[in-house]
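Listing of final.pdb; format and content: PDB, C-alpha atoms.
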```pdb
ATOM      1  CA  MET A   1     -42.015  39.296  45.272
ATOM      2  CA  THR A   2     -42.863  38.970  41.608
ATOM      3  CA  ASN A   3     -45.840  37.196  40.185
ATOM      4  CA  LYS A   4     -44.479  36.494  36.693
ATOM      5  CA  PRO A   5     -44.565  33.060  35.028
ATOM      6  CA  ILE A   6     -41.640  30.799  35.897
ATOM      7  CA  SER A   7     -41.665  28.977  32.537
ATOM      8  CA  ARG A   8     -43.159  29.351  29.094
ATOM      9  CA  TYR A   9     -44.222  25.687  29.369
ATOM     10  CA  PRO A  10     -46.967  24.375  31.634
ATOM     11  CA  VAL A  11     -45.981  23.867  35.265
ATOM     12  CA  PRO A  12     -47.869  20.882  36.672
ATOM     13  CA  ALA A  13     -49.903  21.325  39.823
ATOM     14  CA  PRO A  14     -48.666  19.475  42.922
ATOM     15  CA  GLN A  15     -51.532  16.981  42.741
ATOM     16  CA  ASP A  16     -50.289  15.973  39.277
ATOM     17  CA  TRP A  17     -46.714  15.186  40.345
ATOM     18  CA  PRO A  18     -45.724  11.505  40.330
ATOM     19  CA  ASP A  19     -45.072  10.224  43.862
ATOM     20  CA  ASP A  20     -41.271  10.078  43.548
ATOM     21  CA  ILE A  21     -41.126  13.627  42.165
ATOM     22  CA  ARG A  22     -43.465  14.874  44.893
ATOM     23  CA  ALA A  23     -41.189  13.314  47.523
ATOM     24  CA  ARG A  24     -38.108  14.970  46.010
ATOM     25  CA  ILE A  25     -39.790  18.385  45.773
ATOM     26  CA  LEU A  26     -41.107  18.224  49.334
ATOM     27  CA  GLU A  27     -37.660  17.208  50.594
ATOM     28  CA  VAL A  28     -36.100  20.218  48.865
ATOM     29  CA  GLN A  29     -38.824  22.517  50.188
ATOM     30  CA  GLU A  30     -38.222  21.274  53.733
ATOM     31  CA  LYS A  31     -34.490  21.894  53.449
ATOM     32  CA  ALA A  32     -34.542  25.222  51.577
ATOM     33  CA  GLY A  33     -37.786  26.706  52.871
ATOM     34  CA  PHE A  34     -39.070  27.139  49.288
ATOM     35  CA  VAL A  35     -39.131  25.148  46.059
ATOM     36  CA  PRO A  36     -36.535  26.230  43.503
ATOM     37  CA  ASN A  37     -38.256  26.787  40.187
ATOM     38  CA  VAL A  38     -36.058  24.255  38.397
ATOM     39  CA  PHE A  39     -37.920  21.475  40.225
ATOM     40  CA  LEU A  40     -41.303  22.898  39.328
ATOM     41  CA  THR A  41     -40.513  23.524  35.673
ATOM     42  CA  LEU A  42     -38.824  20.180  35.022
ATOM     43  CA  ALA A  43     -41.792  18.352  36.563
ATOM     44  CA  HIS A  44     -43.405  19.068  33.175
ATOM     45  CA  ARG A  45     -41.336  16.121  31.862
ATOM     46  CA  PRO A  46     -41.111  13.514  34.650
ATOM     47  CA  ASP A  47     -38.668  11.141  32.923
ATOM     48  CA  GLU A  48     -36.314  14.009  32.123
ATOM     49  CA  PHE A  49     -36.728  15.371  35.676
ATOM     50  CA  ARG A  50     -35.528  12.026  37.039
ATOM     51  CA  ALA A  51     -32.606  11.778  34.616
ATOM     52  CA  PHE A  52     -31.588  15.401  35.147
ATOM     53  CA  PHE A  53     -31.492  15.200  38.917
ATOM     54  CA  ALA A  54     -29.814  11.779  38.927
ATOM     55  CA  TYR A  55     -26.930  13.185  36.884
ATOM     56  CA  HIS A  56     -26.959  16.453  38.829
ATOM     57  CA  ASP A  57     -26.604  14.565  42.106
ATOM     58  CA  ALA A  58     -23.905  12.266  40.707
ATOM     59  CA  LEU A  59     -21.816  15.317  39.788
ATOM     60  CA  MET A  60     -22.602  17.804  42.522
ATOM     61  CA  LEU A  61     -22.995  15.648  45.645
ATOM     62  CA  LYS A  62     -20.131  13.190  45.196
ATOM     63  CA  GLU A  63     -16.934  13.086  47.187
ATOM     64  CA  GLY A  64     -13.782  14.027  45.319
ATOM     65  CA  GLY A  65     -11.023  16.531  44.851
ATOM     66  CA  LEU A  66     -13.386  19.462  44.299
ATOM     67  CA  THR A  67     -15.156  21.147  47.191
ATOM     68  CA  LYS A  68     -18.876  21.842  46.978
ATOM     69  CA  GLY A  69     -17.992  25.524  46.642
ATOM     70  CA  GLU A  70     -15.632  24.829  43.737
ATOM     71  CA  ARG A  71     -18.325  22.827  41.975
ATOM     72  CA  GLU A  72     -20.660  25.809  42.327
ATOM     73  CA  MET A  73     -17.937  28.167  41.039
ATOM     74  CA  ILE A  74     -17.822  26.099  37.843
ATOM     75  CA  VAL A  75     -21.593  26.352  37.465
ATOM     76  CA  VAL A  76     -21.640  30.111  38.039
ATOM     77  CA  ALA A  77     -18.710  30.923  35.736
ATOM     78  CA  THR A  78     -19.885  28.765  32.839
ATOM     79  CA  SER A  79     -23.546  29.725  33.256
ATOM     80  CA  ALA A  80     -22.533  33.376  32.949
ATOM     81  CA  VAL A  81     -20.809  32.603  29.629
ATOM     82  CA  ASN A  82     -23.992  30.813  28.515
ATOM     83  CA  ASP A  83     -26.166  33.805  29.542
ATOM     84  CA  CYS A  84     -28.235  31.675  31.916
ATOM     85  CA  LEU A  85     -29.884  33.999  34.408
ATOM     86  CA  TYR A  86     -31.483  31.148  36.367
ATOM     87  CA  CYS A  87     -28.248  29.246  37.002
ATOM     88  CA  VAL A  88     -26.119  32.311  37.734
ATOM     89  CA  VAL A  89     -28.649  33.509  40.307
ATOM     90  CA  ALA A  90     -29.548  30.142  41.859
ATOM     91  CA  HIS A  91     -26.047  28.660  41.943
ATOM     92  CA  GLY A  92     -24.589  32.030  42.881
ATOM     93  CA  ALA A  93     -26.714  31.858  46.025
ATOM     94  CA  ILE A  94     -25.478  28.352  46.796
ATOM     95  CA  LEU A  95     -21.877  29.440  46.130
ATOM     96  CA  ARG A  96     -22.181  32.380  48.532
ATOM     97  CA  ILE A  97     -23.486  30.034  51.222
ATOM     98  CA  TYR A  98     -20.831  27.337  50.725
ATOM     99  CA  GLU A  99     -17.988  29.847  50.625
ATOM    100  CA  LYS A 100     -19.474  32.098  53.346
ATOM    101  CA  ASN A 101     -18.607  35.016  51.080
ATOM    102  CA  ALA A 102     -21.235  37.515  49.895
ATOM    103  CA  LEU A 103     -19.039  38.768  47.031
ATOM    104  CA  VAL A 104     -17.620  35.650  45.404
ATOM    105  CA  ALA A 105     -20.545  34.699  43.162
ATOM    106  CA  ASP A 106     -20.731  38.100  41.498
ATOM    107  CA  GLN A 107     -16.965  38.152  41.048
ATOM    108  CA  VAL A 108     -16.871  34.674  39.513
ATOM    109  CA  ALA A 109     -19.830  35.408  37.226
ATOM    110  CA  VAL A 110     -18.297  38.597  35.859
ATOM    111  CA  ASN A 111     -14.542  37.832  35.746
ATOM    112  CA  HIS A 112     -13.109  34.943  37.720
ATOM    113  CA  ARG A 113      -9.559  36.151  37.036
ATOM    114  CA  LYS A 114     -10.263  39.218  39.195
ATOM    115  CA  ALA A 115     -12.195  37.299  41.852
ATOM    116  CA  ASP A 116     -10.981  36.772  45.400
ATOM    117  CA  ILE A 117     -10.303  33.068  44.840
ATOM    118  CA  THR A 118      -7.118  30.992  44.869
ATOM    119  CA  PRO A 119      -4.790  30.528  41.875
ATOM    120  CA  ARG A 120      -5.861  26.851  41.892
ATOM    121  CA  GLN A 121      -9.506  27.882  41.551
ATOM    122  CA  LYS A 122      -8.658  30.355  38.789
ATOM    123  CA  ALA A 123      -6.903  27.567  36.853
ATOM    124  CA  MET A 124      -9.950  25.342  37.385
ATOM    125  CA  LEU A 125     -12.261  28.033  35.998
ATOM    126  CA  ASP A 126      -9.912  28.802  33.092
ATOM    127  CA  PHE A 127     -10.255  25.154  32.105
ATOM    128  CA  ALA A 128     -14.020  25.066  32.678
ATOM    129  CA  LEU A 129     -14.464  28.091  30.420
ATOM    130  CA  LYS A 130     -12.288  26.453  27.764
ATOM    131  CA  VAL A 131     -14.513  23.367  27.922
ATOM    132  CA  CYS A 132     -17.560  25.649  27.753
ATOM    133  CA  ARG A 133     -16.373  27.687  24.783
ATOM    134  CA  ALA A 134     -13.945  25.466  22.853
ATOM    135  CA  SER A 135     -13.861  21.874  24.110
ATOM    136  CA  GLY A 136     -12.318  20.727  20.831
ATOM    137  CA  THR A 137      -9.115  22.564  21.742
ATOM    138  CA  VAL A 138      -8.559  20.790  25.091
ATOM    139  CA  GLY A 139      -5.180  19.064  25.096
ATOM    140  CA  ASP A 140      -2.411  17.585  27.201
ATOM    141  CA  ASP A 141      -1.181  21.034  28.203
ATOM    142  CA  ASP A 142      -4.508  21.689  29.934
ATOM    143  CA  PHE A 143      -4.130  18.499  31.978
ATOM    144  CA  ASP A 144      -0.525  19.447  32.813
ATOM    145  CA  THR A 145      -1.628  22.884  34.029
ATOM    146  CA  LEU A 146      -4.347  21.421  36.226
ATOM    147  CA  ARG A 147      -2.037  18.708  37.608
ATOM    148  CA  ALA A 148       0.441  21.448  38.543
ATOM    149  CA  HIS A 149      -2.351  22.942  40.688
ATOM    150  CA  GLY A 150      -2.988  19.619  42.423
ATOM    151  CA  PHE A 151      -5.942  18.365  40.394
ATOM    152  CA  SER A 152      -6.109  14.664  39.553
ATOM    153  CA  ASP A 153      -7.285  13.410  36.181
ATOM    154  CA  GLU A 154     -10.563  12.418  37.873
ATOM    155  CA  ASP A 155     -10.926  16.025  39.078
ATOM    156  CA  VAL A 156     -10.418  17.197  35.491
ATOM    157  CA  TRP A 157     -13.211  14.841  34.402
ATOM    158  CA  ASP A 158     -15.442  16.350  37.106
ATOM    159  CA  ILE A 159     -14.702  19.912  35.984
ATOM    160  CA  ALA A 160     -15.519  18.993  32.385
ATOM    161  CA  ALA A 161     -18.636  16.989  33.299
ATOM    162  CA  ILE A 162     -20.055  19.776  35.480
ATOM    163  CA  THR A 163     -19.410  22.266  32.690
ATOM    164  CA  ALA A 164     -21.056  20.025  30.099
ATOM    165  CA  PHE A 165     -24.052  19.134  32.248
ATOM    166  CA  PHE A 166     -24.774  22.739  33.082
ATOM    167  CA  GLY A 167     -24.341  23.647  29.420
ATOM    168  CA  LEU A 168     -27.438  21.507  28.842
ATOM    169  CA  SER A 169     -29.157  22.993  31.876
ATOM    170  CA  ASN A 170     -28.338  26.562  30.794
ATOM    171  CA  ARG A 171     -29.711  26.047  27.326
ATOM    172  CA  MET A 172     -32.957  24.492  28.517
ATOM    173  CA  ALA A 173     -33.413  27.167  31.196
ATOM    174  CA  ASN A 174     -33.015  29.827  28.516
ATOM    175  CA  VAL A 175     -35.364  28.125  26.056
ATOM    176  CA  ILE A 176     -38.150  27.711  28.608
ATOM    177  CA  SER A 177     -37.513  31.155  30.174
ATOM    178  CA  MET A 178     -37.009  29.634  33.615
ATOM    179  CA  ARG A 179     -37.250  32.425  36.130
ATOM    180  CA  PRO A 180     -35.046  32.415  39.244
ATOM    181  CA  ASN A 181     -36.887  32.427  42.554
ATOM    182  CA  ASP A 182     -36.794  35.803  44.271
ATOM    183  CA  GLU A 183     -35.452  34.067  47.401
ATOM    184  CA  PHE A 184     -32.140  33.318  45.672
ATOM    185  CA  PHE A 185     -31.182  36.964  45.294
ATOM    186  CA  LEU A 186     -30.617  37.564  49.012
ATOM    187  CA  MET A 187     -29.342  34.125  50.032
ATOM    188  CA  GLY A 188     -25.808  34.305  51.345
ATOM    189  CA  ARG A 189     -25.862  38.114  51.261
ATOM    190  CA  VAL A 190     -27.857  38.922  54.377
ATOM    191  CA  PRO A 191     -28.047  36.988  57.634
ATOM    192  CA  LYS A 192     -30.833  34.419  57.717
ATOM    193  CA  GLU A 193     -33.695  35.379  59.985
ATOM    194  CA  PRO A 194     -34.172  33.053  62.946
ATOM    195  CA  LYS A 195     -37.257  30.815  62.766
TER
END
```

Take the structure in the file and give it back as structure tokens.
Amino acid sequence: MTNKPISRYPVPAPQDWPDDIRARILEVQEKAGFVPNVFLTLAHRPDEFRAFFAYHDALMLKEGGLTKGEREMIVVATSAVNDCLYCVVAHGAILRIYEKNALVADQVAVNHRKADITPRQKAMLDFALKVCRASGTVGDDDFDTLRAHGFSDEDVWDIAAITAFFGLSNRMANVISMRPNDEFFLMGRVPKEPK
């Protein structure tokens, strides 16, 4: 385990967290067994913490035409393009768990076109990367391609919104030098030890 700083900005001590943020962090710690550094670093700005996680939850926890694994694929693929170590590592771990596949996150991060995913998922990631790199060029043909793979227009909105939201997240993680938790590196790669 490393002992390096998790952010170049101050990380508030638990006794300084507002009650609602403390409750959210403790809930995550109970579920995951550790506190992902994104919660600790964003606690530096409580109002932004609340707004960030409200939008995160609206995009990532909703019902819809995208599976939880597909949502994480979008995060991993676009975060790799944005050079965001934190999000590739953290969301790669979540992707491996959702897909029950130890290889998929690395494949998607490096080259989704060579990954062991479906043609539908490859089309989804092609579009997400277009939104990430050149959103001004998105046109009707992109919607037609995605519809041909069974995506609804609402699904297309979700793909774009996840890409855009994590574009913000990636940039802030890079600016503050947010360090991924060591725990993420093995999640979904090795069997979990019984408690």

I want to know what sits within 7 Å of region 100-102 of chain A, based on all atoms listed in the file, with residues of the same chain fewer than 4 positions away left out; could you give that as a list of chain:residue names?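 Listing them by chain and then by number gives A:Arg96, A:Gly188, A:Arg189.
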
Once the PyMOL selection byres ((chain A and resi 9) around 10) is applied to the coordinates I shared, what remains selected? I want it as a list of chain:residue names.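 On the file shown, the PyMOL selection byres ((chain A and resi 9) around 10) covers A:Pro5, A:Ile6, A:Ser7, A:Arg8, A:Pro10, A:Val11, A:Pro12, A:Thr41, A:Leu42, A:His44, A:Val175, A:Ile176, A:Ser177, A:Met178.
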
If I take CA of Asn111 (chain A) and CA of Ala164 (chain A), how far is one from the other in Å, to one decimal?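 Spanning CA of Asn111 (chain A) to CA of Ala164 (chain A) is a straight-line distance of 19.8 Å.
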
In Å, with one decimal, what is the gap from CA of Arg24 (chain A) to CA of Gly69 (chain A)?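 It comes out at 22.7 Å.
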
So that I can check the surroundings of region 137-148 of chain A, please list as a PyMOL selection string every protein, DNA and RNA residue that reaches within 10 Å of it, counting all atoms listed in the file and ignoring chain neighbours fewer than 6 positions away. chain A and resi 120-121+123-124+126-127+130-131+155-156

Missing atoms in region 29-57 of chain A: fill them in up to N, CA and C atoms and send the result as an mmCIF file, in the frame of the given file.
```cif
data_model
loop_
_atom_site.group_PDB
_atom_site.id
_atom_site.type_symbol
_atom_site.label_atom_id
_atom_site.label_comp_id
_atom_site.auth_asym_id
_atom_site.auth_seq_id
_atom_site.Cartn_x
_atom_site.Cartn_y
_atom_site.Cartn_z
ATOM 1 N N GLN A 29 -38.092 21.423 49.535
ATOM 2 C CA GLN A 29 -38.824 22.517 50.188
ATOM 3 C C GLN A 29 -38.553 22.531 51.693
ATOM 4 N N GLU A 30 -38.502 21.368 52.291
ATOM 5 C CA GLU A 30 -38.222 21.274 53.733
ATOM 6 C C GLU A 30 -36.832 21.818 54.054
ATOM 7 N N LYS A 31 -35.884 21.480 53.219
ATOM 8 C CA LYS A 31 -34.490 21.894 53.449
ATOM 9 C C LYS A 31 -34.281 23.384 53.152
ATOM 10 N N ALA A 32 -34.803 23.852 52.024
ATOM 11 C CA ALA A 32 -34.542 25.222 51.577
ATOM 12 C C ALA A 32 -35.548 26.237 52.106
ATOM 13 N N GLY A 33 -36.742 25.783 52.449
ATOM 14 C CA GLY A 33 -37.786 26.706 52.871
ATOM 15 C C GLY A 33 -38.635 27.216 51.714
ATOM 16 N N PHE A 34 -38.314 26.808 50.496
ATOM 17 C CA PHE A 34 -39.070 27.139 49.288
ATOM 18 C C PHE A 34 -38.704 26.104 48.236
ATOM 19 N N VAL A 35 -39.431 26.098 47.134
ATOM 20 C CA VAL A 35 -39.131 25.148 46.059
ATOM 21 C C VAL A 35 -38.453 25.894 44.912
ATOM 22 N N PRO A 36 -37.178 25.603 44.653
ATOM 23 C CA PRO A 36 -36.535 26.230 43.503
ATOM 24 C C PRO A 36 -37.307 25.921 42.216
ATOM 25 N N ASN A 37 -37.435 26.918 41.387
ATOM 26 C CA ASN A 37 -38.256 26.787 40.187
ATOM 27 C C ASN A 37 -37.794 25.693 39.237
ATOM 28 N N VAL A 38 -36.524 25.319 39.275
ATOM 29 C CA VAL A 38 -36.058 24.255 38.397
ATOM 30 C C VAL A 38 -36.822 22.957 38.662
ATOM 31 N N PHE A 39 -37.169 22.690 39.901
ATOM 32 C CA PHE A 39 -37.920 21.475 40.225
ATOM 33 C C PHE A 39 -39.336 21.559 39.670
ATOM 34 N N LEU A 40 -39.934 22.725 39.794
ATOM 35 C CA LEU A 40 -41.303 22.898 39.328
ATOM 36 C C LEU A 40 -41.394 22.844 37.809
ATOM 37 N N THR A 41 -40.454 23.478 37.132
ATOM 38 C CA THR A 41 -40.513 23.524 35.673
ATOM 39 C C THR A 41 -40.170 22.178 35.051
ATOM 40 N N LEU A 42 -39.194 21.474 35.600
ATOM 41 C CA LEU A 42 -38.824 20.180 35.022
ATOM 42 C C LEU A 42 -39.843 19.088 35.325
ATOM 43 N N ALA A 43 -40.717 19.318 36.289
ATOM 44 C CA ALA A 43 -41.792 18.352 36.563
ATOM 45 C C ALA A 43 -42.720 18.209 35.356
ATOM 46 N N HIS A 44 -42.644 19.138 34.428
ATOM 47 C CA HIS A 44 -43.405 19.068 33.175
ATOM 48 C C HIS A 44 -43.053 17.800 32.394
ATOM 49 N N ARG A 45 -41.809 17.316 32.561
ATOM 50 C CA ARG A 45 -41.336 16.121 31.862
ATOM 51 C C ARG A 45 -40.744 15.169 32.908
ATOM 52 N N PRO A 46 -41.571 14.334 33.529
ATOM 53 C CA PRO A 46 -41.111 13.514 34.650
ATOM 54 C C PRO A 46 -39.888 12.642 34.363
ATOM 55 N N ASP A 47 -39.832 11.989 33.210
ATOM 56 C CA ASP A 47 -38.668 11.141 32.923
ATOM 57 C C ASP A 47 -37.392 11.966 32.833
ATOM 58 N N GLU A 48 -37.482 13.138 32.227
ATOM 59 C CA GLU A 48 -36.314 14.009 32.123
ATOM 60 C C GLU A 48 -35.965 14.608 33.480
ATOM 61 N N PHE A 49 -36.956 14.917 34.303
ATOM 62 C CA PHE A 49 -36.728 15.371 35.676
ATOM 63 C C PHE A 49 -35.857 14.353 36.401
ATOM 64 N N ARG A 50 -36.270 13.081 36.332
ATOM 65 C CA ARG A 50 -35.528 12.026 37.039
ATOM 66 C C ARG A 50 -34.097 11.903 36.524
ATOM 67 N N ALA A 51 -33.943 11.910 35.204
ATOM 68 C CA ALA A 51 -32.606 11.778 34.616
ATOM 69 C C ALA A 51 -31.738 12.987 34.946
ATOM 70 N N PHE A 52 -32.315 14.163 34.864
ATOM 71 C CA PHE A 52 -31.588 15.401 35.147
ATOM 72 C C PHE A 52 -31.057 15.393 36.570
ATOM 73 N N PHE A 53 -31.930 15.121 37.521
ATOM 74 C CA PHE A 53 -31.492 15.200 38.917
ATOM 75 C C PHE A 53 -30.605 14.027 39.317
ATOM 76 N N ALA A 54 -30.734 12.887 38.658
ATOM 77 C CA ALA A 54 -29.814 11.779 38.927
ATOM 78 C C ALA A 54 -28.394 12.175 38.513
ATOM 79 N N TYR A 55 -28.266 12.778 37.333
ATOM 80 C CA TYR A 55 -26.930 13.185 36.884
ATOM 81 C C TYR A 55 -26.434 14.386 37.690
ATOM 82 N N HIS A 56 -27.320 15.317 37.979
ATOM 83 C CA HIS A 56 -26.959 16.453 38.829
ATOM 84 C C HIS A 56 -26.367 15.958 40.150
ATOM 85 N N ASP A 57 -27.060 15.055 40.803
ATOM 86 C CA ASP A 57 -26.604 14.565 42.106
ATOM 87 C C ASP A 57 -25.292 13.799 41.986
#
```
